[in-house]
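Next comes my_file30.txt, with compact mmCIF, C-alpha atoms.
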# COMPACT_ATOMS: atom_id res chain seq x y z
CA MET T 19 0.00 0.00 0.00
CA HIS T 20 2.80 2.35 0.89
CA ASN T 21 4.38 1.77 -2.55
CA ALA T 22 1.05 2.54 -4.26
CA ILE T 23 0.73 5.85 -2.38
CA GLU T 24 4.35 6.64 -3.13
CA ALA T 25 3.82 5.79 -6.80
CA ALA T 26 0.67 7.94 -6.94
CA GLY T 27 2.58 10.78 -5.28
CA SER T 28 5.42 10.58 -7.78
CA THR T 29 2.92 10.43 -10.65
CA ARG T 30 1.16 13.49 -9.27
CA THR T 31 4.49 15.27 -8.91
CA ALA T 32 5.48 14.38 -12.47
CA ALA T 33 2.08 15.61 -13.69
CA ASN T 34 2.51 18.87 -11.76
CA VAL T 35 5.99 19.32 -13.18
CA ALA T 36 4.71 18.61 -16.70
CA ALA T 37 1.87 21.11 -16.25
CA ALA T 38 4.30 23.72 -14.91
CA ALA T 39 6.64 23.12 -17.84
CA ALA T 40 3.74 23.48 -20.30
CA MET T 41 2.68 26.73 -18.62
CA ASP T 42 6.27 27.95 -18.73
CA VAL T 43 6.42 27.23 -22.47
CA ALA T 44 3.13 29.12 -23.01
CA THR T 45 4.37 32.06 -20.95
CA THR T 46 7.72 32.04 -22.74
CA GLY T 47 5.87 32.04 -26.07
CA SER T 48 3.84 35.11 -25.17
CA ALA T 49 6.93 36.82 -23.74
CA ALA T 50 8.81 36.07 -26.95
CA SER T 51 5.93 37.47 -28.97
CA ALA T 52 5.88 40.66 -26.90
CA ARG T 53 9.67 40.96 -27.28
CA ARG T 54 9.34 40.59 -31.06
CA ARG T 55 6.63 43.29 -31.20
CA LYS T 56 8.73 45.70 -29.14
CA GLY T 57 11.81 44.95 -31.23
CA THR T 58 9.88 45.52 -34.44
CA ALA T 59 8.51 48.84 -33.16
CA VAL T 60 11.92 50.15 -32.10
CA ALA T 61 13.53 48.91 -35.33
CA ALA T 62 10.82 50.64 -37.38
CA LEU T 63 11.42 53.91 -35.52
CA LEU T 64 15.17 53.69 -36.12
CA ALA T 65 14.76 52.70 -39.78
CA GLY T 66 12.34 55.58 -40.32
CA ASP T 67 14.80 57.96 -38.71
CA ALA T 68 17.54 56.60 -40.99
CA LEU T 69 15.35 57.23 -44.05
CA VAL T 70 14.66 60.81 -42.96
CA HIS T 71 18.41 61.40 -42.49
CA ALA T 72 19.05 59.95 -45.96
CA PHE T 73 16.39 62.31 -47.34
CA TRP T 74 18.09 65.28 -45.68
CA ALA T 75 21.43 64.14 -47.12
CA THR T 76 20.01 64.97 -50.57
CA GLY T 77 19.84 68.63 -49.54
CA ALA T 78 16.13 68.66 -48.70
CA THR T 79 15.15 70.58 -45.57
CA TRP T 80 11.57 69.42 -45.09
CA PRO T 81 9.74 70.16 -42.81
CA ALA T 82 11.76 73.35 -42.26
CA GLY T 83 12.45 76.10 -44.75
CA SER T 84 16.24 76.10 -44.38
CA THR T 85 19.06 74.01 -42.95
CA GLU T 86 19.47 76.53 -40.14
CA ALA T 87 15.79 76.25 -39.17
CA LEU T 88 15.96 72.47 -39.45
CA SER T 89 19.06 72.34 -37.25
CA GLN T 90 17.54 74.64 -34.63
CA GLY T 91 14.21 72.79 -34.61
CA LEU T 92 15.78 69.34 -34.27
CA LEU T 93 18.90 69.95 -32.23
CA ASN T 94 18.60 73.44 -30.71
CA ALA T 95 22.01 74.16 -32.24
CA ASP T 96 23.58 75.13 -35.55
CA VAL T 97 24.81 71.87 -37.04
CA PRO T 98 25.58 71.32 -40.73
CA PHE T 99 23.10 69.04 -42.51
CA THR T 100 25.55 67.73 -45.08
CA PRO T 101 26.00 64.20 -46.46
CA ARG T 102 29.29 63.97 -44.58
CA VAL T 103 27.37 64.36 -41.30
CA LEU T 104 24.10 62.64 -42.22
CA LEU T 105 25.22 59.49 -44.03
CA PRO T 106 27.20 58.10 -41.07
CA LEU T 107 24.10 58.73 -38.95
CA CYS T 108 22.04 56.80 -41.52
CA THR T 109 24.47 53.91 -41.26
CA LEU T 110 24.42 53.98 -37.46
CA LEU T 111 20.61 54.11 -37.30
CA THR T 112 20.25 51.31 -39.85
CA THR T 113 22.73 49.14 -37.98
CA ALA T 114 20.87 49.80 -34.73
CA ALA T 115 17.54 48.91 -36.36
CA VAL T 116 18.87 45.64 -37.77
CA GLY T 117 20.58 44.78 -34.48
CA ILE T 118 17.59 45.29 -32.22
CA HIS T 119 15.28 43.56 -34.69
CA ALA T 120 17.58 40.53 -34.80
CA HIS T 121 18.01 40.47 -31.01
CA SER T 122 14.26 40.60 -30.46
CA ARG T 123 14.09 37.34 -32.41
CA GLY T 124 16.93 35.67 -30.53
CA ARG T 125 19.46 36.05 -33.34
CA GLY T 126 22.94 37.52 -33.47
CA GLY T 127 24.17 36.55 -30.01
CA ARG T 128 26.20 38.99 -27.98
CA LEU T 129 26.66 41.48 -30.80
CA THR T 130 22.95 42.18 -31.21
CA ALA T 131 22.55 42.12 -27.42
CA LEU T 132 25.15 44.91 -27.21
CA VAL T 133 23.46 46.84 -30.02
CA SER T 134 20.11 46.55 -28.22
CA ALA T 135 21.65 47.73 -24.95
CA ALA T 136 23.29 50.65 -26.78
CA VAL T 137 19.95 51.63 -28.37
CA ALA T 138 18.21 51.48 -25.00
CA THR T 139 20.98 53.54 -23.40
CA GLY T 140 20.95 56.14 -26.17
CA LEU T 141 17.19 56.60 -26.06
CA THR T 142 17.21 56.78 -22.27
CA VAL T 143 19.97 59.40 -22.24
CA ARG T 144 18.07 61.44 -24.85
CA ALA T 145 14.87 61.13 -22.77
CA GLY T 146 16.75 62.39 -19.70
CA ALA T 147 18.15 65.33 -21.63
CA GLY T 148 14.66 66.05 -22.92
CA VAL T 149 13.34 66.24 -19.37
CA VAL T 150 16.10 68.71 -18.48
CA TRP T 151 15.24 70.81 -21.54
CA ALA T 152 11.54 70.61 -20.63
CA PHE T 153 12.38 72.51 -17.44
CA GLY T 154 13.90 75.23 -19.61
CA VAL T 155 17.54 74.42 -18.86
CA GLY T 156 19.50 75.04 -22.06
CA ALA T 157 16.40 75.60 -24.21
CA ASP T 158 14.46 78.77 -24.94
CA GLN T 159 10.85 78.12 -23.89
CA GLY T 160 9.56 80.02 -26.90
CA SER T 161 11.54 78.07 -29.48
CA THR T 162 10.29 75.46 -31.93
CA PHE T 163 12.76 72.99 -30.44
CA TYR T 164 11.26 73.44 -26.96
CA ARG T 165 7.72 72.72 -28.18
CA LEU T 166 8.84 69.73 -30.30
CA ASN T 167 10.89 68.40 -27.40
CA LEU T 168 7.84 68.47 -25.11
CA ALA T 169 5.34 67.11 -27.63
CA VAL T 170 7.39 64.64 -29.67
CA TYR T 171 11.06 64.01 -28.94
CA THR T 172 10.99 63.28 -25.20
CA PRO T 173 7.79 61.18 -25.15
CA VAL T 174 9.04 59.11 -28.11
CA CYS T 175 12.41 58.56 -26.43
CA VAL T 176 10.78 57.58 -23.12
CA GLY T 177 8.41 55.07 -24.73
CA PHE T 178 10.82 53.58 -27.22
CA GLY T 179 13.69 53.68 -24.72
CA TYR T 180 11.58 51.55 -22.38
CA ALA T 181 10.71 49.16 -25.21
CA ALA T 182 14.38 48.89 -26.26
CA ALA T 183 15.41 48.22 -22.66
CA ARG T 184 12.83 45.44 -22.39
CA VAL T 185 14.12 43.90 -25.61
CA ALA T 186 17.70 44.16 -24.39
CA LEU T 187 16.89 42.64 -20.99
CA ASP T 188 14.31 40.07 -22.09
CA GLY T 189 16.30 38.94 -25.08
CA ILE T 190 18.00 36.16 -23.22
CA VAL T 191 16.11 32.96 -23.94
CA ARG T 192 15.28 31.34 -20.65
CA ARG T 193 15.00 27.56 -20.69
CA PRO T 194 13.62 25.39 -17.92
CA SER T 195 16.35 23.84 -15.82
CA ARG T 196 17.62 20.41 -16.77
CA LEU T 197 16.01 18.96 -13.65
CA LEU T 198 12.63 20.37 -14.64
CA ARG T 199 12.94 19.07 -18.20
CA THR T 200 13.98 15.62 -16.92
CA ARG T 201 11.05 15.43 -14.49
CA ALA T 202 8.61 16.66 -17.12
CA ALA T 203 9.79 13.93 -19.46
CA GLY T 204 9.15 11.38 -16.72
CA ARG T 205 12.75 10.29 -16.24

Rendering of file as structure tokens:
Amino acid sequence: MHNAIEAAGSTRTAANVAAAAAMDVATTGSAASARRRKGTAVAALLAGDALVHAFWATGATWPAGSTEALSQGLLNADVPFTPRVLLPLCTLLTTAAVGIHAHSRGRGGRLTALVSAAVATGLTVRAGAGVVWAFGVGADQGSTFYRLNLAVYTPVCVGFGYAAARVALDGIVRRPSRLLRTRAAGR
């Protein structure tokens, strides 16, 4: 009788372990799906930014009327909008987009993990600077840059910085321990 109870107990334990492993797989699947969505969103933002920089490299100044107005509206400083400045930025943004997209899908190993961490860090630093500028430190409160910083730049950097950080941190595929897999398999 004792052996039957013990056998039933071990069967119940194996069933519980199997159920826990199945739930872990389901949770991991939804976490992976969320990571892919966040990675795709951040990659799309970076790729779009790269395209806009490539557009400006042609000499276009849209949405501003001049390169000076564009520079002041985007950066709150006079910076040349020349191909020599913009094309390396295009390359950097494209590389970042590809890296975070790949990392969100579990590809690329440490290199894409580092790229994802760099993207998250860059967006977070820009968000912090945007908060400082929102308080009027280093930015004229009547300028176009100030209004764009409050309405667009800082909120985008906060939201996408958070998403990039989640991709960077959640990108490590977590597997059940060997003991859990062995018990779930009934061995």

For range 105-107 of chain T, list every protein, DNA or RNA residue within 12 Å, evaluated using all atoms listed in the file, and leave out those in the same chain fewer than 4 positions away; present the list as a PyMOL selection string. chain T and resi 64-65+67-77+99-101+111-114

Each range 68-102 of chain T residue no farther than 12 Å from range 144-150 of chain T, nearest pair in Å, all atoms listed in the file, as a Markdown table:
| residue | atom | partner | partner_atom | distance |
| --- | --- | --- | --- | --- |
| T:Leu92 | CA | T:Gly148 | CA | 11.9 |
| T:Leu93 | CA | T:Gly148 | CA | 10.9 |
| T:Asn94 | CA | T:Gly148 | CA | 11.4 |

Counting all atoms listed in the file, which residues come within 12 Å of (6.6, 73.0, -39.1), with the point read in the file's coordinates, and could you list them as a PyMOL selection string? chain T and resi 79-84+87-88+90-92+161-163+165-166

Residue selection dump (C-alpha atoms) as a PDB file, keeping the file's coordinate frame:
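Output contents, as saved in part31.pdb:
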ATOM      1  CA  THR T  79      15.150  70.580 -45.570  1.00  0.00           C
ATOM      2  CA  TRP T  80      11.570  69.420 -45.090  1.00  0.00           C
ATOM      3  CA  PRO T  81       9.740  70.160 -42.810  1.00  0.00           C
ATOM      4  CA  ALA T  82      11.760  73.350 -42.260  1.00  0.00           C
ATOM      5  CA  GLY T  83      12.450  76.100 -44.750  1.00  0.00           C
ATOM      6  CA  SER T  84      16.240  76.100 -44.380  1.00  0.00           C
ATOM      7  CA  ALA T  87      15.790  76.250 -39.170  1.00  0.00           C
ATOM      8  CA  LEU T  88      15.960  72.470 -39.450  1.00  0.00           C
ATOM      9  CA  GLN T  90      17.540  74.640 -34.630  1.00  0.00           C
ATOM     10  CA  GLY T  91      14.210  72.790 -34.610  1.00  0.00           C
ATOM     11  CA  LEU T  92      15.780  69.340 -34.270  1.00  0.00           C
ATOM     12  CA  SER T 161      11.540  78.070 -29.480  1.00  0.00           C
ATOM     13  CA  THR T 162      10.290  75.460 -31.930  1.00  0.00           C
ATOM     14  CA  PHE T 163      12.760  72.990 -30.440  1.00  0.00           C
ATOM     15  CA  ARG T 165       7.720  72.720 -28.180  1.00  0.00           C
ATOM     16  CA  LEU T 166       8.840  69.730 -30.300  1.00  0.00           C
TER      17      LEU T 166
END

List the spatial neighbours of Arg54 in chain T as a count of residues only - criterion: any atom at most 12 Å away, only C-alpha atoms, same-chain residues fewer than 5 positions off excluded. 22

When distances are computed from only C-alpha atoms, which of T:Ala50, T:Tyr180, T:Asp96, T:Leu187 shows the smallest separation from Leu141 in chain T?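 Comparing T:Ala50, T:Tyr180, T:Asp96, T:Leu187 against Leu141 in chain T, the winner is T:Tyr180.
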
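Between CA of Ala183 in chain T and CA of Ala131 in chain T there is a distance of 10.5 Å.
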
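Going from CA of Ser134 in chain T over to CA of Leu63 in chain T, you cover 13.5 Å.
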
Nearest to Leu104 in chain T by atom-to-atom distance, counting all atoms listed in the file, from T:Gly127, T:Ala138, T:Ala78, T:Val116: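 Of T:Gly127, T:Ala138, T:Ala78, T:Val116, the one nearest Leu104 in chain T is T:Ala78, counting all atoms listed in the file.
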
From CA of Glu86 in chain T to CA of Val155 in chain T the spacing works out at 21.5 Å
